[in-house]
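Enquirer: Data: final36.cif, mmCIF, N, CA and C atoms.
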```cif
data_my_file
loop_
_atom_site.group_PDB
_atom_site.id
_atom_site.type_symbol
_atom_site.label_atom_id
_atom_site.label_comp_id
_atom_site.auth_asym_id
_atom_site.auth_seq_id
_atom_site.Cartn_x
_atom_site.Cartn_y
_atom_site.Cartn_z
ATOM 1 N N MET A 1 110.140 82.671 -138.609
ATOM 2 C CA MET A 1 109.429 82.625 -137.343
ATOM 3 C C MET A 1 110.188 81.772 -136.332
ATOM 4 N N GLU A 2 110.744 80.667 -136.814
ATOM 5 C CA GLU A 2 111.478 79.768 -135.931
ATOM 6 C C GLU A 2 112.713 80.464 -135.355
ATOM 7 N N GLU A 3 113.396 81.254 -136.174
ATOM 8 C CA GLU A 3 114.565 81.998 -135.699
ATOM 9 C C GLU A 3 114.162 82.998 -134.617
ATOM 10 N N PHE A 4 113.005 83.634 -134.807
ATOM 11 C CA PHE A 4 112.517 84.598 -133.832
ATOM 12 C C PHE A 4 112.255 83.917 -132.492
ATOM 13 N N LEU A 5 111.630 82.743 -132.521
ATOM 14 C CA LEU A 5 111.345 82.008 -131.288
ATOM 15 C C LEU A 5 112.639 81.571 -130.602
ATOM 16 N N GLU A 6 113.623 81.154 -131.394
ATOM 17 C CA GLU A 6 114.915 80.774 -130.814
ATOM 18 C C GLU A 6 115.581 81.973 -130.161
ATOM 19 N N MET A 7 115.470 83.143 -130.802
ATOM 20 C CA MET A 7 116.070 84.355 -130.252
ATOM 21 C C MET A 7 115.396 84.722 -128.926
ATOM 22 N N ILE A 8 114.075 84.616 -128.854
ATOM 23 C CA ILE A 8 113.355 84.915 -127.613
ATOM 24 C C ILE A 8 113.764 83.924 -126.526
ATOM 25 N N ALA A 9 113.856 82.648 -126.878
ATOM 26 C CA ALA A 9 114.255 81.640 -125.899
ATOM 27 C C ALA A 9 115.666 81.922 -125.385
ATOM 28 N N LEU A 10 116.565 82.307 -126.298
ATOM 29 C CA LEU A 10 117.935 82.616 -125.899
ATOM 30 C C LEU A 10 117.964 83.841 -124.985
ATOM 31 N N THR A 11 117.182 84.866 -125.320
ATOM 32 C CA THR A 11 117.123 86.074 -124.504
ATOM 33 C C THR A 11 116.583 85.758 -123.116
ATOM 34 N N ASP A 12 115.514 84.976 -123.056
ATOM 35 C CA ASP A 12 114.950 84.603 -121.754
ATOM 36 C C ASP A 12 115.956 83.811 -120.934
ATOM 37 N N MET A 13 116.625 82.869 -121.572
ATOM 38 C CA MET A 13 117.591 82.036 -120.867
ATOM 39 C C MET A 13 118.753 82.894 -120.370
ATOM 40 N N THR A 14 119.241 83.804 -121.199
ATOM 41 C CA THR A 14 120.357 84.652 -120.803
ATOM 42 C C THR A 14 119.960 85.554 -119.645
ATOM 43 N N ASN A 15 118.797 86.172 -119.730
ATOM 44 C CA ASN A 15 118.338 87.028 -118.647
ATOM 45 C C ASN A 15 118.135 86.229 -117.368
ATOM 46 N N TYR A 16 117.557 85.055 -117.480
ATOM 47 C CA TYR A 16 117.318 84.227 -116.308
ATOM 48 C C TYR A 16 118.641 83.804 -115.681
ATOM 49 N N ASP A 17 119.558 83.307 -116.522
ATOM 50 C CA ASP A 17 120.840 82.853 -115.995
ATOM 51 C C ASP A 17 121.616 83.999 -115.374
ATOM 52 N N TYR A 18 121.577 85.174 -116.006
ATOM 53 C CA TYR A 18 122.294 86.325 -115.455
ATOM 54 C C TYR A 18 121.726 86.689 -114.091
ATOM 55 N N SER A 19 120.430 86.739 -113.985
ATOM 56 C CA SER A 19 119.795 87.099 -112.715
ATOM 57 C C SER A 19 120.067 86.050 -111.655
ATOM 58 N N LYS A 20 120.082 84.807 -112.056
ATOM 59 C CA LYS A 20 120.287 83.734 -111.097
ATOM 60 C C LYS A 20 121.731 83.690 -110.612
ATOM 61 N N VAL A 21 122.691 83.817 -111.519
ATOM 62 C CA VAL A 21 124.091 83.678 -111.154
ATOM 63 C C VAL A 21 124.629 84.939 -110.490
ATOM 64 N N MET A 22 124.256 86.085 -110.994
ATOM 65 C CA MET A 22 124.793 87.339 -110.493
ATOM 66 C C MET A 22 123.915 87.901 -109.388
ATOM 67 N N LYS A 23 124.102 87.404 -108.191
ATOM 68 C CA LYS A 23 123.339 87.904 -107.050
ATOM 69 C C LYS A 23 123.921 89.256 -106.656
ATOM 70 N N ARG A 24 123.059 90.227 -106.408
ATOM 71 C CA ARG A 24 123.479 91.576 -106.060
ATOM 72 C C ARG A 24 123.064 91.863 -104.618
ATOM 73 N N VAL A 25 124.015 92.361 -103.816
ATOM 74 C CA VAL A 25 123.780 92.581 -102.394
ATOM 75 C C VAL A 25 124.326 93.953 -102.015
ATOM 76 N N ARG A 26 123.539 94.694 -101.272
ATOM 77 C CA ARG A 26 124.012 95.987 -100.768
ATOM 78 C C ARG A 26 124.915 95.771 -99.549
ATOM 79 N N ILE A 27 125.725 96.765 -99.269
ATOM 80 C CA ILE A 27 126.709 96.649 -98.189
ATOM 81 C C ILE A 27 126.053 96.343 -96.847
ATOM 82 N N ALA A 28 124.987 97.035 -96.522
ATOM 83 C CA ALA A 28 124.321 96.817 -95.225
ATOM 84 C C ALA A 28 123.813 95.385 -95.106
ATOM 85 N N ASP A 29 123.252 94.852 -96.202
ATOM 86 C CA ASP A 29 122.751 93.480 -96.197
ATOM 87 C C ASP A 29 123.910 92.495 -96.069
ATOM 88 N N LEU A 30 125.022 92.793 -96.736
ATOM 89 C CA LEU A 30 126.201 91.931 -96.640
ATOM 90 C C LEU A 30 126.706 91.885 -95.201
ATOM 91 N N LYS A 31 126.782 93.039 -94.554
ATOM 92 C CA LYS A 31 127.240 93.092 -93.165
ATOM 93 C C LYS A 31 126.291 92.343 -92.240
ATOM 94 N N ALA A 32 124.999 92.474 -92.474
ATOM 95 C CA ALA A 32 124.013 91.851 -91.590
ATOM 96 C C ALA A 32 123.919 90.342 -91.783
ATOM 97 N N HIS A 33 124.180 89.857 -92.988
ATOM 98 C CA HIS A 33 124.000 88.434 -93.303
ATOM 99 C C HIS A 33 125.246 87.832 -93.951
ATOM 100 N N LEU A 34 126.416 88.194 -93.445
ATOM 101 C CA LEU A 34 127.665 87.759 -94.066
ATOM 102 C C LEU A 34 127.775 86.245 -94.166
ATOM 103 N N SER A 35 127.485 85.528 -93.101
ATOM 104 C CA SER A 35 127.620 84.067 -93.117
ATOM 105 C C SER A 35 126.732 83.439 -94.183
ATOM 106 N N GLU A 36 125.520 83.925 -94.301
ATOM 107 C CA GLU A 36 124.592 83.404 -95.314
ATOM 108 C C GLU A 36 125.129 83.642 -96.724
ATOM 109 N N HIS A 37 125.658 84.828 -96.954
ATOM 110 C CA HIS A 37 126.185 85.140 -98.292
ATOM 111 C C HIS A 37 127.440 84.317 -98.588
ATOM 112 N N LEU A 38 128.267 84.083 -97.589
ATOM 113 C CA LEU A 38 129.455 83.258 -97.807
ATOM 114 C C LEU A 38 129.076 81.814 -98.114
ATOM 115 N N ARG A 39 128.014 81.312 -97.490
ATOM 116 C CA ARG A 39 127.534 79.965 -97.836
ATOM 117 C C ARG A 39 127.109 79.912 -99.298
ATOM 118 N N THR A 40 126.450 80.969 -99.751
ATOM 119 C CA THR A 40 126.021 81.048 -101.157
ATOM 120 C C THR A 40 127.230 81.005 -102.080
ATOM 121 N N VAL A 41 128.288 81.722 -101.711
ATOM 122 C CA VAL A 41 129.507 81.730 -102.529
ATOM 123 C C VAL A 41 130.155 80.347 -102.512
ATOM 124 N N ARG A 42 130.169 79.690 -101.360
ATOM 125 C CA ARG A 42 130.736 78.331 -101.283
ATOM 126 C C ARG A 42 130.013 77.361 -102.215
ATOM 127 N N GLN A 43 128.733 77.620 -102.457
ATOM 128 C CA GLN A 43 127.950 76.759 -103.354
ATOM 129 C C GLN A 43 128.214 77.072 -104.822
ATOM 130 N N GLY A 44 129.086 78.055 -105.092
ATOM 131 C CA GLY A 44 129.484 78.325 -106.465
ATOM 132 C C GLY A 44 128.906 79.578 -107.089
ATOM 133 N N GLU A 45 128.097 80.320 -106.356
ATOM 134 C CA GLU A 45 127.508 81.531 -106.926
ATOM 135 C C GLU A 45 128.427 82.732 -106.738
ATOM 136 N N VAL A 46 128.265 83.726 -107.599
ATOM 137 C CA VAL A 46 129.018 84.969 -107.534
ATOM 138 C C VAL A 46 128.099 86.043 -106.965
ATOM 139 N N ILE A 47 128.630 86.852 -106.044
ATOM 140 C CA ILE A 47 127.839 87.935 -105.458
ATOM 141 C C ILE A 47 128.496 89.265 -105.817
ATOM 142 N N THR A 48 127.687 90.188 -106.340
ATOM 143 C CA THR A 48 128.154 91.537 -106.625
ATOM 144 C C THR A 48 127.735 92.440 -105.471
ATOM 145 N N ILE A 49 128.697 93.189 -104.924
ATOM 146 C CA ILE A 49 128.437 94.080 -103.804
ATOM 147 C C ILE A 49 128.115 95.471 -104.356
ATOM 148 N N LEU A 50 127.028 96.053 -103.855
ATOM 149 C CA LEU A 50 126.578 97.366 -104.320
ATOM 150 C C LEU A 50 126.729 98.405 -103.217
ATOM 151 N N ASP A 51 127.216 99.582 -103.597
ATOM 152 C CA ASP A 51 127.178 100.749 -102.728
ATOM 153 C C ASP A 51 126.077 101.617 -103.291
ATOM 154 N N ARG A 52 124.943 101.591 -102.652
ATOM 155 C CA ARG A 52 123.680 102.109 -103.175
ATOM 156 C C ARG A 52 123.343 101.299 -104.424
ATOM 157 N N GLU A 53 123.424 101.851 -105.598
ATOM 158 C CA GLU A 53 123.141 101.061 -106.806
ATOM 159 C C GLU A 53 124.392 100.836 -107.654
ATOM 160 N N THR A 54 125.554 101.231 -107.142
ATOM 161 C CA THR A 54 126.794 101.137 -107.898
ATOM 162 C C THR A 54 127.565 99.876 -107.512
ATOM 163 N N PRO A 55 127.848 98.991 -108.458
ATOM 164 C CA PRO A 55 128.664 97.814 -108.151
ATOM 165 C C PRO A 55 130.086 98.247 -107.782
ATOM 166 N N ILE A 56 130.586 97.754 -106.655
ATOM 167 C CA ILE A 56 131.930 98.137 -106.221
ATOM 168 C C ILE A 56 132.868 96.942 -106.039
ATOM 169 N N ALA A 57 132.294 95.750 -105.889
ATOM 170 C CA ALA A 57 133.145 94.573 -105.667
ATOM 171 C C ALA A 57 132.372 93.326 -106.045
ATOM 172 N N ARG A 58 133.111 92.229 -106.136
ATOM 173 C CA ARG A 58 132.490 90.951 -106.447
ATOM 174 C C ARG A 58 133.137 89.887 -105.572
ATOM 175 N N ILE A 59 132.322 89.044 -104.978
ATOM 176 C CA ILE A 59 132.827 87.904 -104.206
ATOM 177 C C ILE A 59 132.625 86.666 -105.071
ATOM 178 N N VAL A 60 133.715 85.978 -105.345
ATOM 179 C CA VAL A 60 133.660 84.792 -106.204
ATOM 180 C C VAL A 60 134.188 83.592 -105.430
ATOM 181 N N PRO A 61 133.733 82.397 -105.789
ATOM 182 C CA PRO A 61 134.252 81.202 -105.126
ATOM 183 C C PRO A 61 135.746 81.038 -105.387
ATOM 184 N N HIS A 62 136.461 80.590 -104.402
ATOM 185 C CA HIS A 62 137.898 80.354 -104.555
ATOM 186 C C HIS A 62 138.119 79.129 -105.425
ATOM 187 N N GLN A 63 139.032 79.266 -106.362
ATOM 188 C CA GLN A 63 139.375 78.129 -107.224
ATOM 189 C C GLN A 63 140.859 77.852 -107.059
ATOM 190 N N LYS A 64 141.151 76.685 -106.525
ATOM 191 C CA LYS A 64 142.557 76.318 -106.372
ATOM 192 C C LYS A 64 143.126 76.097 -107.757
ATOM 193 N N ASP A 65 144.209 76.786 -108.015
ATOM 194 C CA ASP A 65 144.736 76.677 -109.358
ATOM 195 C C ASP A 65 146.248 76.598 -109.288
ATOM 196 N N GLU A 66 146.814 75.965 -110.257
ATOM 197 C CA GLU A 66 148.245 75.682 -110.250
ATOM 198 C C GLU A 66 149.093 76.947 -110.337
ATOM 199 N N SER A 67 148.540 78.021 -110.838
ATOM 200 C CA SER A 67 149.329 79.234 -111.027
ATOM 201 C C SER A 67 149.277 80.154 -109.811
ATOM 202 N N SER A 68 148.895 79.632 -108.658
ATOM 203 C CA SER A 68 148.832 80.483 -107.475
ATOM 204 C C SER A 68 150.248 80.830 -107.016
ATOM 205 N N LEU A 69 150.334 81.787 -106.131
ATOM 206 C CA LEU A 69 151.613 82.294 -105.654
ATOM 207 C C LEU A 69 152.397 81.187 -104.954
ATOM 208 N N VAL A 70 153.649 81.069 -105.324
ATOM 209 C CA VAL A 70 154.534 80.082 -104.711
ATOM 210 C C VAL A 70 155.629 80.835 -103.970
ATOM 211 N N ILE A 71 155.815 80.518 -102.709
ATOM 212 C CA ILE A 71 156.853 81.162 -101.915
ATOM 213 C C ILE A 71 158.090 80.279 -101.953
ATOM 214 N N ARG A 72 159.166 80.850 -102.466
ATOM 215 C CA ARG A 72 160.406 80.080 -102.569
ATOM 216 C C ARG A 72 161.244 80.284 -101.312
ATOM 217 N N ASN A 73 162.084 79.313 -101.038
ATOM 218 C CA ASN A 73 163.015 79.452 -99.928
ATOM 219 C C ASN A 73 164.093 80.464 -100.291
ATOM 220 N N LYS A 74 164.602 81.150 -99.292
ATOM 221 C CA LYS A 74 165.653 82.134 -99.495
ATOM 222 C C LYS A 74 166.921 81.439 -99.985
ATOM 223 N N ARG A 75 167.552 82.065 -100.979
ATOM 224 C CA ARG A 75 168.821 81.499 -101.457
ATOM 225 C C ARG A 75 169.880 81.646 -100.383
ATOM 226 N N GLN A 76 170.725 80.671 -100.300
ATOM 227 C CA GLN A 76 171.797 80.694 -99.314
ATOM 228 C C GLN A 76 172.718 81.879 -99.600
ATOM 229 N N GLY A 77 172.946 82.714 -98.595
ATOM 230 C CA GLY A 77 173.863 83.837 -98.726
ATOM 231 C C GLY A 77 173.243 85.065 -99.385
ATOM 232 N N ALA A 78 171.961 85.025 -99.739
ATOM 233 C CA ALA A 78 171.327 86.174 -100.391
ATOM 234 C C ALA A 78 171.048 87.270 -99.377
ATOM 235 N N THR A 79 171.326 88.493 -99.763
ATOM 236 C CA THR A 79 171.033 89.651 -98.922
ATOM 237 C C THR A 79 170.278 90.670 -99.763
ATOM 238 N N LEU A 80 169.745 91.657 -99.099
ATOM 239 C CA LEU A 80 169.031 92.706 -99.816
ATOM 240 C C LEU A 80 169.971 93.444 -100.764
ATOM 241 N N ARG A 81 171.214 93.596 -100.360
ATOM 242 C CA ARG A 81 172.191 94.296 -101.201
ATOM 243 C C ARG A 81 172.539 93.501 -102.461
ATOM 244 N N SER A 82 172.300 92.197 -102.436
ATOM 245 C CA SER A 82 172.634 91.388 -103.615
ATOM 246 C C SER A 82 171.544 91.438 -104.692
ATOM 247 N N VAL A 83 170.404 92.055 -104.380
ATOM 248 C CA VAL A 83 169.329 92.186 -105.359
ATOM 249 C C VAL A 83 169.668 93.341 -106.293
ATOM 250 N N ARG A 84 169.681 93.062 -107.589
ATOM 251 C CA ARG A 84 170.009 94.107 -108.559
ATOM 252 C C ARG A 84 168.825 95.038 -108.750
ATOM 253 N N MET A 85 169.099 96.325 -108.750
ATOM 254 C CA MET A 85 168.071 97.341 -108.947
ATOM 255 C C MET A 85 167.874 97.565 -110.448
ATOM 256 N N PRO A 86 166.658 97.925 -110.852
ATOM 257 C CA PRO A 86 166.444 98.235 -112.266
ATOM 258 C C PRO A 86 167.166 99.528 -112.629
ATOM 259 N N PRO A 87 167.443 99.726 -113.900
ATOM 260 C CA PRO A 87 168.126 100.962 -114.301
ATOM 261 C C PRO A 87 167.219 102.168 -114.057
ATOM 262 N N PRO A 88 167.813 103.355 -113.838
ATOM 263 C CA PRO A 88 166.999 104.545 -113.593
ATOM 264 C C PRO A 88 166.117 104.866 -114.796
ATOM 265 N N LEU A 89 164.970 105.433 -114.514
ATOM 266 C CA LEU A 89 164.039 105.821 -115.559
ATOM 267 C C LEU A 89 164.602 107.031 -116.295
ATOM 268 N N ARG A 90 164.643 106.934 -117.605
ATOM 269 C CA ARG A 90 165.146 108.050 -118.405
ATOM 270 C C ARG A 90 163.963 108.854 -118.915
ATOM 271 N N THR A 91 163.930 110.119 -118.511
ATOM 272 C CA THR A 91 162.834 110.982 -118.916
ATOM 273 C C THR A 91 163.332 112.411 -119.051
ATOM 274 N N ASP A 92 162.687 113.181 -119.893
ATOM 275 C CA ASP A 92 163.052 114.583 -120.074
ATOM 276 C C ASP A 92 162.363 115.472 -119.043
ATOM 277 N N THR A 93 161.457 114.906 -118.277
ATOM 278 C CA THR A 93 160.686 115.666 -117.304
ATOM 279 C C THR A 93 161.324 115.537 -115.927
ATOM 280 N N ASP A 94 161.405 116.663 -115.213
ATOM 281 C CA ASP A 94 161.937 116.646 -113.860
ATOM 282 C C ASP A 94 160.821 116.221 -112.908
ATOM 283 N N ILE A 95 160.999 115.105 -112.253
ATOM 284 C CA ILE A 95 159.984 114.542 -111.370
ATOM 285 C C ILE A 95 159.704 115.474 -110.194
ATOM 286 N N VAL A 96 160.736 116.098 -109.643
ATOM 287 C CA VAL A 96 160.553 117.005 -108.511
ATOM 288 C C VAL A 96 159.669 118.185 -108.919
ATOM 289 N N ASP A 97 159.890 118.731 -110.121
ATOM 290 C CA ASP A 97 159.045 119.822 -110.612
ATOM 291 C C ASP A 97 157.581 119.387 -110.714
ATOM 292 N N LEU A 98 157.358 118.172 -111.179
ATOM 293 C CA LEU A 98 155.989 117.660 -111.276
ATOM 294 C C LEU A 98 155.331 117.563 -109.903
ATOM 295 N N LEU A 99 156.065 117.073 -108.925
ATOM 296 C CA LEU A 99 155.524 116.962 -107.574
ATOM 297 C C LEU A 99 155.216 118.333 -106.978
ATOM 298 N N LEU A 100 156.117 119.278 -107.172
ATOM 299 C CA LEU A 100 155.867 120.621 -106.657
ATOM 300 C C LEU A 100 154.651 121.262 -107.324
ATOM 301 N N GLU A 101 154.516 121.069 -108.617
ATOM 302 C CA GLU A 101 153.348 121.601 -109.349
ATOM 303 C C GLU A 101 152.049 120.989 -108.827
ATOM 304 N N GLU A 102 152.067 119.704 -108.565
ATOM 305 C CA GLU A 102 150.881 119.032 -108.055
ATOM 306 C C GLU A 102 150.513 119.548 -106.669
ATOM 307 N N ARG A 103 151.519 119.749 -105.817
ATOM 308 C CA ARG A 103 151.251 120.253 -104.465
ATOM 309 C C ARG A 103 150.719 121.677 -104.494
ATOM 310 N N ARG A 104 151.241 122.506 -105.383
ATOM 311 C CA ARG A 104 150.736 123.882 -105.502
ATOM 312 C C ARG A 104 149.286 123.892 -105.975
ATOM 313 N N ALA A 105 148.940 122.979 -106.855
ATOM 314 C CA ALA A 105 147.568 122.923 -107.381
ATOM 315 C C ALA A 105 146.571 122.515 -106.297
ATOM 316 N N GLU A 106 147.011 121.734 -105.326
ATOM 317 C CA GLU A 106 146.131 121.263 -104.258
ATOM 318 C C GLU A 106 145.810 122.368 -103.256
ATOM 319 N N ARG A 107 146.616 123.404 -103.197
ATOM 320 C CA ARG A 107 146.409 124.472 -102.202
ATOM 321 C C ARG A 107 145.402 125.447 -102.621
#
```
Write the structure described by the file as structure tokens, please.

Expert:
Amino acid sequence: MEEFLEMIALTDMTNYDYSKVMKRVRIADLKAHLSEHLRTVRQGEVITILDRETPIARIVPHQKDESSLVIRNKRQGATLRSVRMPPPLRTDTDIVDLLLEERRAER
């Protein structure tokens, strides 16, 4: 019986936390109340954007992290021509034939 009560408590807590954390907003509401929703995100909540009832995007709080994009300075004397290209793709299929087949199918 005790295990059953713990399971119910866990289920209630999970459902409550999911509903509380995962705020769902339709596109029209997002457009009409963007500033309000952004304040909610700044406070740490995640918002799921819905197109009708289909989730299409999620707005999450920004987290500064060490692995973010780092822009390096250009090497002295580097040119576009000095960048090595990857080797050509080796395949038995003719890419041009594939493109022509795809275009014919669209007509």

Enquirer: Figure out the distance between atom N of Pro61 of chain A and atom CA of Leu38 of chain A, please, to one decimal in Å.

Expert: 9.1 Å

Enquirer: Can you turn the PyMOL selection byres (((chain A and resi 40-50 and name CA) around 8) and name CA) into a concrete residue list for this file, as a PyMOL selection string?

Expert: chain A and resi 21-27+30+36-39+51-61

Enquirer: Could you please take those selected residues and save N, CA and C atoms as a CSV table (one decimal), in the coordinates of the input?

Expert:
```
chain,number,residue,atom,x,y,z
A,21,VAL,N,122.7,83.8,-111.5
A,21,VAL,CA,124.1,83.7,-111.2
A,21,VAL,C,124.6,84.9,-110.5
A,22,MET,N,124.3,86.1,-111.0
A,22,MET,CA,124.8,87.3,-110.5
A,22,MET,C,123.9,87.9,-109.4
A,23,LYS,N,124.1,87.4,-108.2
A,23,LYS,CA,123.3,87.9,-107.0
A,23,LYS,C,123.9,89.3,-106.7
A,24,ARG,N,123.1,90.2,-106.4
A,24,ARG,CA,123.5,91.6,-106.1
A,24,ARG,C,123.1,91.9,-104.6
A,25,VAL,N,124.0,92.4,-103.8
A,25,VAL,CA,123.8,92.6,-102.4
A,25,VAL,C,124.3,94.0,-102.0
A,26,ARG,N,123.5,94.7,-101.3
A,26,ARG,CA,124.0,96.0,-100.8
A,26,ARG,C,124.9,95.8,-99.5
A,27,ILE,N,125.7,96.8,-99.3
A,27,ILE,CA,126.7,96.6,-98.2
A,27,ILE,C,126.1,96.3,-96.8
A,30,LEU,N,125.0,92.8,-96.7
A,30,LEU,CA,126.2,91.9,-96.6
A,30,LEU,C,126.7,91.9,-95.2
A,36,GLU,N,125.5,83.9,-94.3
A,36,GLU,CA,124.6,83.4,-95.3
A,36,GLU,C,125.1,83.6,-96.7
A,37,HIS,N,125.7,84.8,-97.0
A,37,HIS,CA,126.2,85.1,-98.3
A,37,HIS,C,127.4,84.3,-98.6
A,38,LEU,N,128.3,84.1,-97.6
A,38,LEU,CA,129.5,83.3,-97.8
A,38,LEU,C,129.1,81.8,-98.1
A,39,ARG,N,128.0,81.3,-97.5
A,39,ARG,CA,127.5,80.0,-97.8
A,39,ARG,C,127.1,79.9,-99.3
A,51,ASP,N,127.2,99.6,-103.6
A,51,ASP,CA,127.2,100.7,-102.7
A,51,ASP,C,126.1,101.6,-103.3
A,52,ARG,N,124.9,101.6,-102.7
A,52,ARG,CA,123.7,102.1,-103.2
A,52,ARG,C,123.3,101.3,-104.4
A,53,GLU,N,123.4,101.9,-105.6
A,53,GLU,CA,123.1,101.1,-106.8
A,53,GLU,C,124.4,100.8,-107.7
A,54,THR,N,125.6,101.2,-107.1
A,54,THR,CA,126.8,101.1,-107.9
A,54,THR,C,127.6,99.9,-107.5
A,55,PRO,N,127.8,99.0,-108.5
A,55,PRO,CA,128.7,97.8,-108.2
A,55,PRO,C,130.1,98.2,-107.8
A,56,ILE,N,130.6,97.8,-106.7
A,56,ILE,CA,131.9,98.1,-106.2
A,56,ILE,C,132.9,96.9,-106.0
A,57,ALA,N,132.3,95.8,-105.9
A,57,ALA,CA,133.1,94.6,-105.7
A,57,ALA,C,132.4,93.3,-106.0
A,58,ARG,N,133.1,92.2,-106.1
A,58,ARG,CA,132.5,91.0,-106.4
A,58,ARG,C,133.1,89.9,-105.6
A,59,ILE,N,132.3,89.0,-105.0
A,59,ILE,CA,132.8,87.9,-104.2
A,59,ILE,C,132.6,86.7,-105.1
A,60,VAL,N,133.7,86.0,-105.3
A,60,VAL,CA,133.7,84.8,-106.2
A,60,VAL,C,134.2,83.6,-105.4
A,61,PRO,N,133.7,82.4,-105.8
A,61,PRO,CA,134.3,81.2,-105.1
A,61,PRO,C,135.7,81.0,-105.4
```

Enquirer: In Å, rounded to a single decimal, give me how far atom CA of Asp94 of chain A is from atom CA of Glu106 of chain A.

Expert: 19.1 Å

Enquirer: Using DSSP on the backbone, list every residue of segment 33-101 of chain A that comes out as strand (DSSP E or B), and give them as a ChimeraX atom specification.

Expert: /A:46-51,54-59

Enquirer: Identify, with DSSP run on backbone atoms, the residues in segment 32-102 of chain A assigned to helix (DSSP H, G or I), and express the list as a PyMOL selection string.

Expert: chain A and resi 32+34-42+80-82+95-102

Enquirer: Take every atom of segment 89-106 of chain A listed in the file, fit an axis-aligned box around them, add 6 Å per side, and give the centre and edge lengths in Å to one decimal as lines of an AutoDock Vina configuration file.

Expert:
```
center_x = 155.5
center_y = 114.7
center_z = -111.7
size_x = 31.3
size_y = 30.5
size_z = 28.8
```
